[in-house]
file upload_19.txt (compact mmCIF, C-alpha atoms and all ligand atoms)
# COMPACT_ATOMS: atom_id res chain seq x y z
CA MET A 940 -169.26 111.17 -157.64
CA THR A 941 -167.60 110.60 -160.99
CA ASP A 942 -168.70 108.90 -164.17
CA LYS A 943 -165.17 108.00 -165.22
CA VAL A 944 -164.02 104.47 -165.88
CA VAL A 945 -161.99 102.49 -163.36
CA VAL A 946 -160.19 99.39 -164.58
CA ILE A 947 -159.73 96.80 -161.83
CA THR A 948 -157.57 93.79 -162.66
CA GLY A 949 -158.67 90.71 -160.75
CA GLY A 950 -162.00 92.40 -160.04
CA SER A 951 -163.91 89.13 -159.87
CA ARG A 952 -163.02 88.05 -156.33
CA GLY A 953 -161.57 89.19 -153.01
CA ILE A 954 -160.15 92.70 -152.73
CA GLY A 955 -160.79 93.44 -156.42
CA ARG A 956 -164.46 92.50 -156.09
CA ALA A 957 -164.91 94.66 -152.99
CA THR A 958 -163.19 97.55 -154.79
CA ALA A 959 -165.44 97.15 -157.83
CA LEU A 960 -168.56 97.40 -155.65
CA ALA A 961 -167.19 100.36 -153.67
CA ALA A 962 -166.13 102.24 -156.81
CA ALA A 963 -169.49 101.64 -158.49
CA ALA A 964 -171.25 103.01 -155.38
CA ARG A 965 -169.25 106.21 -155.92
CA GLY A 966 -170.38 106.46 -159.53
CA TYR A 967 -167.44 104.96 -161.41
CA ARG A 968 -168.09 102.87 -164.49
CA VAL A 969 -166.25 99.68 -163.57
CA VAL A 970 -164.28 97.37 -165.85
CA VAL A 971 -164.06 94.09 -163.94
CA GLY A 972 -161.02 92.16 -165.14
CA TYR A 973 -160.81 88.44 -164.45
CA ALA A 974 -158.40 85.64 -165.32
CA THR A 975 -160.59 82.53 -165.59
CA ASN A 976 -163.59 82.86 -163.28
CA GLN A 977 -166.14 84.37 -165.64
CA ALA A 978 -169.06 83.41 -163.39
CA ALA A 979 -167.58 85.37 -160.48
CA ALA A 980 -166.93 88.40 -162.73
CA ASN A 981 -170.48 88.26 -164.07
CA GLU A 982 -171.80 88.14 -160.50
CA VAL A 983 -169.88 91.35 -159.67
CA VAL A 984 -171.31 93.06 -162.76
CA ALA A 985 -174.83 91.91 -161.85
CA ALA A 986 -174.43 93.17 -158.27
CA ILE A 987 -173.34 96.58 -159.59
CA GLU A 988 -176.15 96.76 -162.16
CA ALA A 989 -178.70 95.75 -159.50
CA LYS A 990 -177.86 99.06 -157.80
CA ASN A 991 -178.10 100.99 -161.09
CA GLY A 992 -174.32 101.11 -161.54
CA LYS A 993 -172.41 100.46 -164.75
CA ALA A 994 -169.94 97.63 -165.18
CA ILE A 995 -168.56 95.19 -167.73
CA ALA A 996 -166.56 92.01 -167.25
CA VAL A 997 -163.46 91.53 -169.43
CA LYS A 998 -161.25 88.46 -169.46
CA CYS A 999 -157.65 89.53 -168.88
CA ASP A 1000 -154.83 87.33 -167.66
CA VAL A 1001 -152.29 90.02 -166.77
CA GLY A 1002 -149.55 87.54 -167.63
CA SER A 1003 -150.53 88.16 -171.28
CA GLU A 1004 -149.76 91.46 -173.00
CA GLN A 1005 -152.44 90.66 -175.61
CA ASP A 1006 -155.05 90.30 -172.88
CA ILE A 1007 -153.94 93.61 -171.32
CA LEU A 1008 -154.28 95.42 -174.66
CA ALA A 1009 -157.76 93.92 -175.08
CA LEU A 1010 -158.72 94.98 -171.54
CA PHE A 1011 -157.85 98.62 -172.20
CA LYS A 1012 -159.50 98.55 -175.62
CA ALA A 1013 -162.71 97.41 -173.91
CA ALA A 1014 -162.27 100.17 -171.33
CA ASP A 1015 -161.88 102.75 -174.14
CA GLY A 1016 -165.28 101.72 -175.45
CA PHE A 1017 -166.83 102.18 -172.01
CA GLY A 1018 -165.82 105.80 -171.30
CA THR A 1019 -162.92 108.00 -170.20
CA LEU A 1020 -160.36 106.20 -168.08
CA GLY A 1021 -160.02 107.84 -164.66
CA ALA A 1022 -158.29 105.15 -162.61
CA LEU A 1023 -156.48 101.82 -162.75
CA VAL A 1024 -156.36 99.47 -159.79
CA ASN A 1025 -153.50 97.02 -160.32
CA ASN A 1026 -155.02 94.38 -158.06
CA ALA A 1027 -154.50 91.04 -159.81
CA GLY A 1028 -151.91 89.02 -157.95
CA ILE A 1029 -150.93 85.46 -157.18
CA VAL A 1030 -149.02 83.53 -154.56
CA GLY A 1031 -147.17 80.28 -155.14
CA LYS A 1032 -147.47 77.30 -152.81
CA SER A 1033 -146.80 78.45 -149.27
CA GLY A 1034 -143.89 76.96 -147.31
CA VAL A 1035 -141.50 76.55 -150.24
CA ARG A 1036 -137.98 77.81 -149.53
CA VAL A 1037 -135.99 79.65 -152.18
CA ASP A 1038 -133.58 76.70 -152.45
CA GLU A 1039 -136.57 74.58 -153.52
CA MET A 1040 -138.15 76.98 -156.02
CA SER A 1041 -138.41 76.20 -159.72
CA ALA A 1042 -137.54 78.80 -162.33
CA GLU A 1043 -141.06 78.40 -163.75
CA ARG A 1044 -142.63 79.35 -160.42
CA ILE A 1045 -140.48 82.46 -160.05
CA GLN A 1046 -141.02 83.54 -163.65
CA GLN A 1047 -144.80 83.12 -163.35
CA MET A 1048 -144.78 85.14 -160.11
CA MET A 1049 -142.90 88.03 -161.69
CA ALA A 1050 -144.88 87.86 -164.97
CA VAL A 1051 -148.23 88.25 -163.20
CA ASN A 1052 -147.43 90.39 -160.15
CA VAL A 1053 -144.75 92.66 -161.61
CA THR A 1054 -144.71 92.71 -165.43
CA GLY A 1055 -148.51 92.57 -165.58
CA SER A 1056 -148.85 95.58 -163.27
CA ILE A 1057 -146.23 97.58 -165.17
CA LEU A 1058 -147.85 96.84 -168.54
CA CYS A 1059 -151.30 97.81 -167.24
CA ALA A 1060 -149.83 101.05 -165.89
CA ARG A 1061 -148.20 101.70 -169.27
CA GLU A 1062 -151.58 101.47 -170.98
CA ALA A 1063 -153.18 103.67 -168.33
CA VAL A 1064 -150.48 106.37 -168.59
CA LYS A 1065 -150.85 106.45 -172.39
CA ARG A 1066 -154.52 107.30 -171.89
CA MET A 1067 -154.44 109.51 -168.78
CA SER A 1068 -151.25 111.59 -169.11
CA THR A 1069 -151.74 115.21 -170.12
CA LYS A 1070 -148.54 114.72 -172.13
CA HIS A 1071 -150.56 112.39 -174.36
CA GLY A 1072 -153.67 114.60 -174.42
CA GLY A 1073 -155.35 112.83 -171.50
CA GLN A 1074 -157.24 114.30 -168.54
CA GLY A 1075 -155.11 112.81 -165.76
CA GLY A 1076 -156.04 109.99 -163.41
CA VAL A 1077 -154.92 107.70 -160.63
CA ILE A 1078 -153.10 104.37 -160.48
CA VAL A 1079 -153.28 102.27 -157.32
CA ASN A 1080 -150.94 99.30 -157.04
CA LEU A 1081 -151.61 96.43 -154.63
CA SER A 1082 -148.46 95.56 -152.74
CA SER A 1083 -148.35 93.61 -149.46
CA VAL A 1084 -146.77 93.91 -146.02
CA ALA A 1085 -144.80 90.88 -147.26
CA ALA A 1086 -142.67 93.45 -149.13
CA LYS A 1087 -141.41 94.61 -145.72
CA LEU A 1088 -141.43 91.27 -143.88
CA GLY A 1089 -139.88 89.19 -146.69
CA ALA A 1090 -142.11 86.14 -146.02
CA PRO A 1091 -139.23 83.76 -145.14
CA ASN A 1092 -140.10 80.06 -145.31
CA THR A 1093 -143.48 81.05 -146.76
CA TYR A 1094 -143.10 82.67 -150.19
CA VAL A 1095 -140.08 84.93 -150.57
CA ASP A 1096 -140.71 85.15 -154.34
CA TYR A 1097 -144.10 86.74 -153.65
CA ALA A 1098 -142.57 89.19 -151.15
CA ALA A 1099 -139.92 90.13 -153.72
CA SER A 1100 -142.59 90.75 -156.35
CA LYS A 1101 -144.33 93.15 -153.98
CA GLY A 1102 -141.04 94.87 -153.15
CA ALA A 1103 -140.75 95.53 -156.88
CA ILE A 1104 -144.27 96.96 -156.86
CA ASP A 1105 -143.32 99.38 -154.07
CA SER A 1106 -140.34 100.68 -156.08
CA PHE A 1107 -142.54 100.90 -159.16
CA THR A 1108 -145.16 102.94 -157.29
CA VAL A 1109 -142.58 105.47 -156.10
CA GLY A 1110 -140.77 105.75 -159.43
CA LEU A 1111 -143.79 105.91 -161.71
CA GLY A 1112 -145.39 108.43 -159.37
CA TYR A 1113 -142.45 110.79 -159.77
CA GLU A 1114 -142.34 110.19 -163.52
CA VAL A 1115 -145.92 111.27 -164.18
CA ALA A 1116 -146.55 113.64 -161.24
CA ALA A 1117 -146.54 116.72 -163.47
CA GLU A 1118 -148.82 115.04 -166.04
CA GLY A 1119 -151.99 114.87 -163.94
CA ILE A 1120 -151.48 111.29 -162.75
CA ARG A 1121 -151.16 110.22 -159.12
CA VAL A 1122 -149.71 106.81 -158.28
CA ALA A 1123 -150.14 105.17 -154.88
CA GLY A 1124 -149.63 101.78 -153.31
CA ILE A 1125 -151.49 99.83 -150.66
CA ARG A 1126 -149.80 97.23 -148.48
CA PRO A 1127 -152.57 95.00 -147.11
CA GLY A 1128 -151.84 92.76 -144.15
CA LEU A 1129 -153.66 89.48 -143.51
CA ILE A 1130 -156.95 89.81 -145.39
CA ASP A 1131 -159.70 87.21 -145.45
CA THR A 1132 -159.83 86.18 -149.14
CA ASP A 1133 -159.34 83.09 -151.32
CA ILE A 1134 -155.66 83.89 -151.92
CA HIS A 1135 -154.58 81.86 -148.88
CA ALA A 1136 -156.32 78.76 -150.23
CA ALA A 1137 -154.52 79.36 -153.53
CA GLY A 1138 -151.25 79.12 -151.59
CA GLY A 1139 -152.42 75.83 -150.06
CA GLU A 1140 -153.27 77.26 -146.62
CA PRO A 1141 -156.94 78.33 -146.50
CA ASP A 1142 -156.77 79.20 -142.79
CA ARG A 1143 -153.48 81.12 -143.01
CA ALA A 1144 -154.92 84.57 -142.25
CA HIS A 1145 -156.88 83.37 -139.22
CA ARG A 1146 -154.01 81.19 -137.96
CA LEU A 1147 -151.67 84.20 -137.92
CA ALA A 1148 -154.22 86.75 -136.66
CA HIS A 1149 -152.71 86.70 -133.16
CA MET A 1150 -149.50 88.22 -134.63
CA VAL A 1151 -151.39 91.29 -135.84
CA PRO A 1152 -151.27 94.17 -133.32
CA MET A 1153 -155.05 94.58 -133.74
CA LYS A 1154 -155.41 90.79 -133.15
CA ARG A 1155 -157.65 90.17 -136.13
CA VAL A 1156 -157.61 89.66 -139.89
CA GLY A 1157 -158.78 92.43 -142.19
CA THR A 1158 -161.66 92.34 -144.65
CA ALA A 1159 -161.61 92.98 -148.38
CA ASP A 1160 -163.93 95.92 -147.75
CA GLU A 1161 -161.35 97.54 -145.45
CA ILE A 1162 -158.82 97.48 -148.30
CA ALA A 1163 -161.40 98.63 -150.85
CA ASN A 1164 -162.25 101.64 -148.69
CA ALA A 1165 -158.62 102.75 -148.77
CA ILE A 1166 -158.41 102.20 -152.53
CA VAL A 1167 -161.51 104.25 -153.33
CA TRP A 1168 -160.19 107.04 -151.11
CA LEU A 1169 -156.87 107.02 -152.98
CA ILE A 1170 -158.56 107.21 -156.38
CA SER A 1171 -160.86 110.02 -155.21
CA ASP A 1172 -160.13 113.74 -155.30
CA GLU A 1173 -159.96 113.64 -151.49
CA ALA A 1174 -156.47 112.19 -151.96
CA SER A 1175 -155.52 114.92 -154.46
CA TYR A 1176 -152.06 115.61 -152.91
CA VAL A 1177 -151.10 111.94 -152.45
CA THR A 1178 -148.62 110.48 -154.92
CA SER A 1179 -145.62 108.13 -154.85
CA ALA A 1180 -146.96 107.09 -151.44
CA ILE A 1181 -147.63 103.64 -150.00
CA LEU A 1182 -150.26 103.08 -147.32
CA ASP A 1183 -150.17 100.11 -144.93
CA VAL A 1184 -153.69 98.77 -144.28
CA SER A 1185 -152.71 95.95 -142.00
CA GLY A 1186 -153.98 96.37 -138.46
CA GLY A 1187 -150.47 97.47 -137.53
CA ARG A 1188 -148.68 94.44 -138.93
P1 LIG A 1201 -157.83 86.50 -154.52
O1 LIG A 1201 -158.96 86.46 -153.54
O2 LIG A 1201 -157.02 85.27 -154.75
O3 LIG A 1201 -158.40 87.02 -155.91
C1 LIG A 1201 -157.51 87.13 -156.97
C2 LIG A 1201 -158.14 87.91 -158.10
O4 LIG A 1201 -157.11 88.10 -159.07
C3 LIG A 1201 -159.26 87.14 -158.78
O5 LIG A 1201 -160.19 88.09 -159.25
C4 LIG A 1201 -158.54 86.42 -159.91
O6 LIG A 1201 -159.36 86.21 -161.05
C5 LIG A 1201 -157.48 87.45 -160.26
N1 LIG A 1201 -156.29 86.86 -160.89
C6 LIG A 1201 -155.55 85.80 -160.47
N2 LIG A 1201 -154.55 85.57 -161.34
C7 LIG A 1201 -154.69 86.48 -162.33
C8 LIG A 1201 -154.00 86.73 -163.53
N3 LIG A 1201 -152.95 86.01 -163.92
N4 LIG A 1201 -154.44 87.75 -164.32
C9 LIG A 1201 -155.51 88.50 -163.95
N5 LIG A 1201 -156.21 88.30 -162.84
C10 LIG A 1201 -155.80 87.31 -162.04
O7 LIG A 1201 -156.78 87.64 -154.11
P2 LIG A 1201 -156.88 88.87 -153.07
O8 LIG A 1201 -156.54 88.35 -151.72
O9 LIG A 1201 -158.13 89.62 -153.27
O10 LIG A 1201 -155.61 89.73 -153.53
C11 LIG A 1201 -155.72 90.88 -154.35
C12 LIG A 1201 -154.39 91.60 -154.30
O11 LIG A 1201 -154.09 91.97 -152.96
C13 LIG A 1201 -153.20 90.78 -154.80
O12 LIG A 1201 -152.32 91.60 -155.53
C14 LIG A 1201 -152.56 90.30 -153.52
O13 LIG A 1201 -151.19 90.02 -153.68
C15 LIG A 1201 -152.80 91.49 -152.62
N6 LIG A 1201 -152.73 91.17 -151.20
C16 LIG A 1201 -153.63 90.30 -150.63
C17 LIG A 1201 -153.51 90.00 -149.28
C18 LIG A 1201 -154.44 89.05 -148.57
O14 LIG A 1201 -154.17 88.70 -147.39
N7 LIG A 1201 -155.54 88.63 -149.19
C19 LIG A 1201 -152.47 90.55 -148.53
C20 LIG A 1201 -151.58 91.41 -149.15
C21 LIG A 1201 -151.72 91.70 -150.48
P3 LIG A 1201 -160.26 84.87 -161.22
O15 LIG A 1201 -161.47 85.08 -160.34
O16 LIG A 1201 -160.59 84.84 -162.66
O17 LIG A 1201 -159.43 83.72 -160.77
call {"tool": "encode", "arguments": {"input": "upload_19.txt", "output": "structure tokens", "more": "lines below"}}
Ligand code: NAP
result
Amino acid sequence: MTDKVVVITGGSRGIGRATALAAAARGYRVVVGYATNQAAANEVVAAIEAKNGKAIAVKCDVGSEQDILALFKAADGFGTLGALVNNAGIVGKSGVRVDEMSAERIQQMMAVNVTGSILCAREAVKRMSTKHGGQGGVIVNLSSVAAKLGAPNTYVDYAASKGAIDSFTVGLGYEVAAEGIRVAGIRPGLIDTDIHAAGGEPDRAHRLAHMVPMKRVGTADEIANAIVWLISDEASYVTSAILDVSGGR
């Protein structure tokens, strides 16, 4: 158990929500970031408080540096930062080839999935690094098996953004390894969340389940369990590492 703060971007729904609940059950004080869905974020906070946990909801579109600074300022007021889960992520419309993609789509993808994660990590390192007087901590970045598969004819821009996240996880991990900070990545496979509807294909995960070696989709809880292990002391020798949680996909 720990009473440190964990900041979870996109903590209002899906994998972020499941991670918020799992982290609170282990004693973390949870900062639930959300982009627009305040009702969903408030529901997560209420669910945590109903079990005597501590949580606050903070609006933070990770495409905005101002929002990110405000998120970490709110976290500072809530306790000592122990972990960041860079979970917020988007997909564009599924089934769009690269030769049909607009510059706006690609820029939005990179701004949210890549720049947003790097800026959040910057703020976390400033607070957690022993070089800056901090007590150390853990950063977990959400990648995707798409980083390995490339997602051709689906959303190559998304896959590329997650490839960048994998490089970022490895590089940042090395950079801060001697400063008390561990950095790890998770590559989820097909997980049953709203993200597929956001890409215009609500049944995508179930439609492709037969391609998964385990022949089923994964749940948000199955990803959350891996995340809370990575941020715990049980993973104390894990850094610059990326874990596939994908049923073998
Ligand atoms: P989801 O169900 O669509 O939920 C997305 C969450 O991110 C929501 O809490 C949403 O907030 C938030 N969000 C969206 N845009 C944001 C922005 N610009 N700034 C801040 N927060 C934002 O997604 P998910 O499936 O749980 O995915 C979570 C992470 O896992 C993502 O990085 C995704 O790429 C990765 N992943 C998912 C799968 C999968 O199959 N589900 C597979 C591989 C990787 P609001 O509630 O306010 O909208």
call {"tool": "residues_around", "arguments": {"input": "upload_19.txt", "residues": "region 1001-1007 of chain A", "least_positions_apart": "4", "cutoff": "6 Å", "atoms": "all atoms listed in the file", "output": "mmCIF file with C-alpha atoms, in the coordinates of the input"}}
result
data_model
loop_
_atom_site.group_PDB
_atom_site.id
_atom_site.type_symbol
_atom_site.label_atom_id
_atom_site.label_comp_id
_atom_site.auth_asym_id
_atom_site.auth_seq_id
_atom_site.Cartn_x
_atom_site.Cartn_y
_atom_site.Cartn_z
ATOM 1 C CA ALA A 1050 -144.880 87.860 -164.970
ATOM 2 C CA VAL A 1051 -148.230 88.250 -163.200
ATOM 3 C CA GLY A 1055 -148.510 92.570 -165.580
#
call {"tool": "closest_residue", "arguments": {"input": "upload_19.txt", "among": "A:Asp1142, A:Glu1118, A:Asp1160, A:Asp1015", "to": "Gly1075 (chain A)", "atoms": "only C-alpha atoms"}}
result
A:Glu1118
call {"tool": "residues_near_ligand", "arguments": {"input": "upload_19.txt", "ligand": "ligand LIG 1201 (chain A)", "cutoff": "6 Å", "atoms": "all atoms listed in the file", "output": "PyMOL selection string"}}
result
chain A and resi 948-955+973-976+999-1002+1026-1029+1051+1081-1083+1127-1134
call {"tool": "residues_around", "arguments": {"input": "upload_19.txt", "residues": "region 1067-1071 of chain A", "least_positions_apart": "3", "cutoff": "7 Å", "atoms": "only C-alpha atoms", "output": "JSON, numbers by chain"}}
result
{"A": [1020, 1063, 1064, 1074, 1075, 1076, 1118, 1119, 1120]}
call {"tool": "atom_distance", "arguments": {"input": "upload_19.txt", "atom1": "CA of Gly1139 (chain A)", "atom2": "CA of Ala979 (chain A)"}}
result
20.7 Å
call {"tool": "closest_residue", "arguments": {"input": "upload_19.txt", "among": "A:Thr1093, A:Asn1164, A:Thr1054, A:Ser1033", "to": "Ala964 (chain A)", "atoms": "only C-alpha atoms"}}
result
A:Asn1164
call {"tool": "atom_distance", "arguments": {"input": "upload_19.txt", "atom1": "CA of Asn1080 (chain A)", "atom2": "CA of Ile1162 (chain A)"}}
result
11.9 Å
call {"tool": "closest_residue", "arguments": {"input": "upload_19.txt", "among": "A:Arg965, A:Arg1126, A:His1135, A:Arg1146", "to": "Ala1180 (chain A)", "atoms": "all atoms listed in the file"}}
result
A:Arg1126
call {"tool": "residues_around", "arguments": {"input": "upload_19.txt", "residues": "Tyr1097 (chain A)", "least_positions_apart": "6", "cutoff": "8 Å", "atoms": "only C-alpha atoms", "output": "list in words"}}
result
Ile1029, Val1030, Gly1031, Met1048, Ala1085 and Ala1090 of chain A
call {"tool": "closest_residue", "arguments": {"input": "upload_19.txt", "among": "A:Val1035, A:Val1177, A:Ala962, A:Ala1009", "to": "Asn1092 (chain A)", "atoms": "all atoms listed in the file"}}
result
A:Val1035
call {"tool": "closest_residue", "arguments": {"input": "upload_19.txt", "among": "A:Ile1181, A:Leu1111, A:Leu1010, A:Ala1042", "to": "Val946 (chain A)", "atoms": "only C-alpha atoms"}}
result
A:Leu1010
call {"tool": "atom_distance", "arguments": {"input": "upload_19.txt", "atom1": "CA of Phe1107 (chain A)", "atom2": "CA of Arg1036 (chain A)"}}
result
25.4 Å
call {"tool": "closest_residue", "arguments": {"input": "upload_19.txt", "among": "A:Val1053, A:Glu1062, A:Phe1017, A:Arg1155", "to": "Thr1108 (chain A)", "atoms": "all atoms listed in the file"}}
result
A:Val1053
call {"tool": "residues_around", "arguments": {"input": "upload_19.txt", "residues": "Leu1023 (chain A)", "least_positions_apart": "3", "cutoff": "8 Å", "atoms": "all atoms listed in the file", "output": "VMD selection string"}}
result
chain A and resid 945 to 947 1020 1059 to 1060 1063 1077 to 1079
call {"tool": "residues_near_point", "arguments": {"input": "upload_19.txt", "point": "(-167.3, 103.6, -171.0)", "cutoff": "9 Å", "atoms": "all atoms listed in the file", "output": "VMD selection string"}}
result
chain A and resid 942 to 944 968 to 970 993 to 994 1013 to 1020
call {"tool": "build_atoms", "arguments": {"input": "upload_19.txt", "residues": "region 1062-1094 of chain A", "atoms": "N, CA and C atoms", "output": "mmCIF file, in the frame of the given file"}}
result
data_model
loop_
_atom_site.group_PDB
_atom_site.id
_atom_site.type_symbol
_atom_site.label_atom_id
_atom_site.label_comp_id
_atom_site.auth_asym_id
_atom_site.auth_seq_id
_atom_site.Cartn_x
_atom_site.Cartn_y
_atom_site.Cartn_z
ATOM 1 N N GLU A 1062 -150.378 101.179 -170.190
ATOM 2 C CA GLU A 1062 -151.580 101.470 -170.980
ATOM 3 C C GLU A 1062 -152.402 102.595 -170.342
ATOM 4 N N ALA A 1063 -152.430 102.612 -169.011
ATOM 5 C CA ALA A 1063 -153.180 103.670 -168.330
ATOM 6 C C ALA A 1063 -152.525 105.034 -168.539
ATOM 7 N N VAL A 1064 -151.195 105.086 -168.422
ATOM 8 C CA VAL A 1064 -150.480 106.370 -168.590
ATOM 9 C C VAL A 1064 -150.674 106.895 -170.013
ATOM 10 N N LYS A 1065 -150.648 106.012 -170.992
ATOM 11 C CA LYS A 1065 -150.850 106.450 -172.390
ATOM 12 C C LYS A 1065 -152.193 107.156 -172.548
ATOM 13 N N ARG A 1066 -153.175 106.727 -171.770
ATOM 14 C CA ARG A 1066 -154.520 107.300 -171.890
ATOM 15 C C ARG A 1066 -154.739 108.493 -170.958
ATOM 16 N N MET A 1067 -154.116 108.497 -169.789
ATOM 17 C CA MET A 1067 -154.440 109.510 -168.780
ATOM 18 C C MET A 1067 -153.483 110.703 -168.775
ATOM 19 N N SER A 1068 -152.236 110.523 -169.223
ATOM 20 C CA SER A 1068 -151.250 111.590 -169.110
ATOM 21 C C SER A 1068 -151.622 112.809 -169.961
ATOM 22 N N THR A 1069 -151.493 113.986 -169.361
ATOM 23 C CA THR A 1069 -151.740 115.210 -170.120
ATOM 24 C C THR A 1069 -150.709 115.350 -171.251
ATOM 25 N N LYS A 1070 -149.568 114.721 -171.075
ATOM 26 C CA LYS A 1070 -148.540 114.720 -172.130
ATOM 27 C C LYS A 1070 -149.049 114.042 -173.406
ATOM 28 N N HIS A 1071 -149.985 113.106 -173.221
ATOM 29 C CA HIS A 1071 -150.560 112.390 -174.360
ATOM 30 C C HIS A 1071 -151.970 112.887 -174.679
ATOM 31 N N GLY A 1072 -152.344 114.055 -174.151
ATOM 32 C CA GLY A 1072 -153.670 114.600 -174.420
ATOM 33 C C GLY A 1072 -154.762 114.096 -173.492
ATOM 34 N N GLY A 1073 -154.372 113.380 -172.450
ATOM 35 C CA GLY A 1073 -155.350 112.830 -171.500
ATOM 36 C C GLY A 1073 -155.763 113.841 -170.443
ATOM 37 N N GLN A 1074 -156.683 113.410 -169.577
ATOM 38 C CA GLN A 1074 -157.240 114.300 -168.540
ATOM 39 C C GLN A 1074 -156.707 113.994 -167.153
ATOM 40 N N GLY A 1075 -155.655 113.191 -167.063
ATOM 41 C CA GLY A 1075 -155.110 112.810 -165.760
ATOM 42 C C GLY A 1075 -155.829 111.595 -165.205
ATOM 43 N N GLY A 1076 -155.422 111.164 -164.015
ATOM 44 C CA GLY A 1076 -156.040 109.990 -163.410
ATOM 45 C C GLY A 1076 -155.209 109.469 -162.255
ATOM 46 N N VAL A 1077 -155.568 108.285 -161.800
ATOM 47 C CA VAL A 1077 -154.920 107.700 -160.630
ATOM 48 C C VAL A 1077 -154.620 106.223 -160.884
ATOM 49 N N ILE A 1078 -153.459 105.801 -160.435
ATOM 50 C CA ILE A 1078 -153.100 104.370 -160.480
ATOM 51 C C ILE A 1078 -152.839 103.924 -159.052
ATOM 52 N N VAL A 1079 -153.530 102.857 -158.645
ATOM 53 C CA VAL A 1079 -153.280 102.270 -157.320
ATOM 54 C C VAL A 1079 -152.732 100.859 -157.523
ATOM 55 N N ASN A 1080 -151.576 100.610 -156.930
ATOM 56 C CA ASN A 1080 -150.940 99.300 -157.040
ATOM 57 C C ASN A 1080 -151.080 98.530 -155.730
ATOM 58 N N LEU A 1081 -151.506 97.269 -155.824
ATOM 59 C CA LEU A 1081 -151.610 96.430 -154.630
ATOM 60 C C LEU A 1081 -150.267 95.779 -154.353
ATOM 61 N N SER A 1082 -149.682 96.181 -153.235
ATOM 62 C CA SER A 1082 -148.460 95.560 -152.740
ATOM 63 C C SER A 1082 -148.871 94.596 -151.632
ATOM 64 N N SER A 1083 -148.052 94.470 -150.619
ATOM 65 C CA SER A 1083 -148.350 93.610 -149.460
ATOM 66 C C SER A 1083 -147.359 93.946 -148.361
ATOM 67 N N VAL A 1084 -147.758 93.745 -147.095
ATOM 68 C CA VAL A 1084 -146.770 93.910 -146.020
ATOM 69 C C VAL A 1084 -145.644 92.889 -146.173
ATOM 70 N N ALA A 1085 -145.876 91.850 -146.976
ATOM 71 C CA ALA A 1085 -144.800 90.880 -147.260
ATOM 72 C C ALA A 1085 -143.575 91.577 -147.855
ATOM 73 N N ALA A 1086 -143.800 92.706 -148.547
ATOM 74 C CA ALA A 1086 -142.670 93.450 -149.130
ATOM 75 C C ALA A 1086 -141.713 93.914 -148.043
ATOM 76 N N LYS A 1087 -142.261 94.170 -146.840
ATOM 77 C CA LYS A 1087 -141.410 94.610 -145.720
ATOM 78 C C LYS A 1087 -140.917 93.427 -144.898
ATOM 79 N N LEU A 1088 -141.753 92.398 -144.761
ATOM 80 C CA LEU A 1088 -141.430 91.270 -143.880
ATOM 81 C C LEU A 1088 -140.588 90.202 -144.575
ATOM 82 N N GLY A 1089 -140.687 90.132 -145.925
ATOM 83 C CA GLY A 1089 -139.880 89.190 -146.690
ATOM 84 C C GLY A 1089 -140.454 87.785 -146.810
ATOM 85 N N ALA A 1090 -141.427 87.445 -145.965
ATOM 86 C CA ALA A 1090 -142.110 86.140 -146.020
ATOM 87 C C ALA A 1090 -141.154 84.941 -146.050
ATOM 88 N N PRO A 1091 -140.172 84.899 -145.138
ATOM 89 C CA PRO A 1091 -139.230 83.760 -145.140
ATOM 90 C C PRO A 1091 -139.955 82.457 -144.834
ATOM 91 N N ASN A 1092 -139.518 81.402 -145.475
ATOM 92 C CA ASN A 1092 -140.100 80.060 -145.310
ATOM 93 C C ASN A 1092 -141.575 80.001 -145.695
ATOM 94 N N THR A 1093 -142.065 81.022 -146.337
ATOM 95 C CA THR A 1093 -143.480 81.050 -146.760
ATOM 96 C C THR A 1093 -143.530 81.209 -148.269
ATOM 97 N N TYR A 1094 -143.225 82.440 -148.745
ATOM 98 C CA TYR A 1094 -143.100 82.670 -150.190
ATOM 99 C C TYR A 1094 -142.284 83.948 -150.432
#
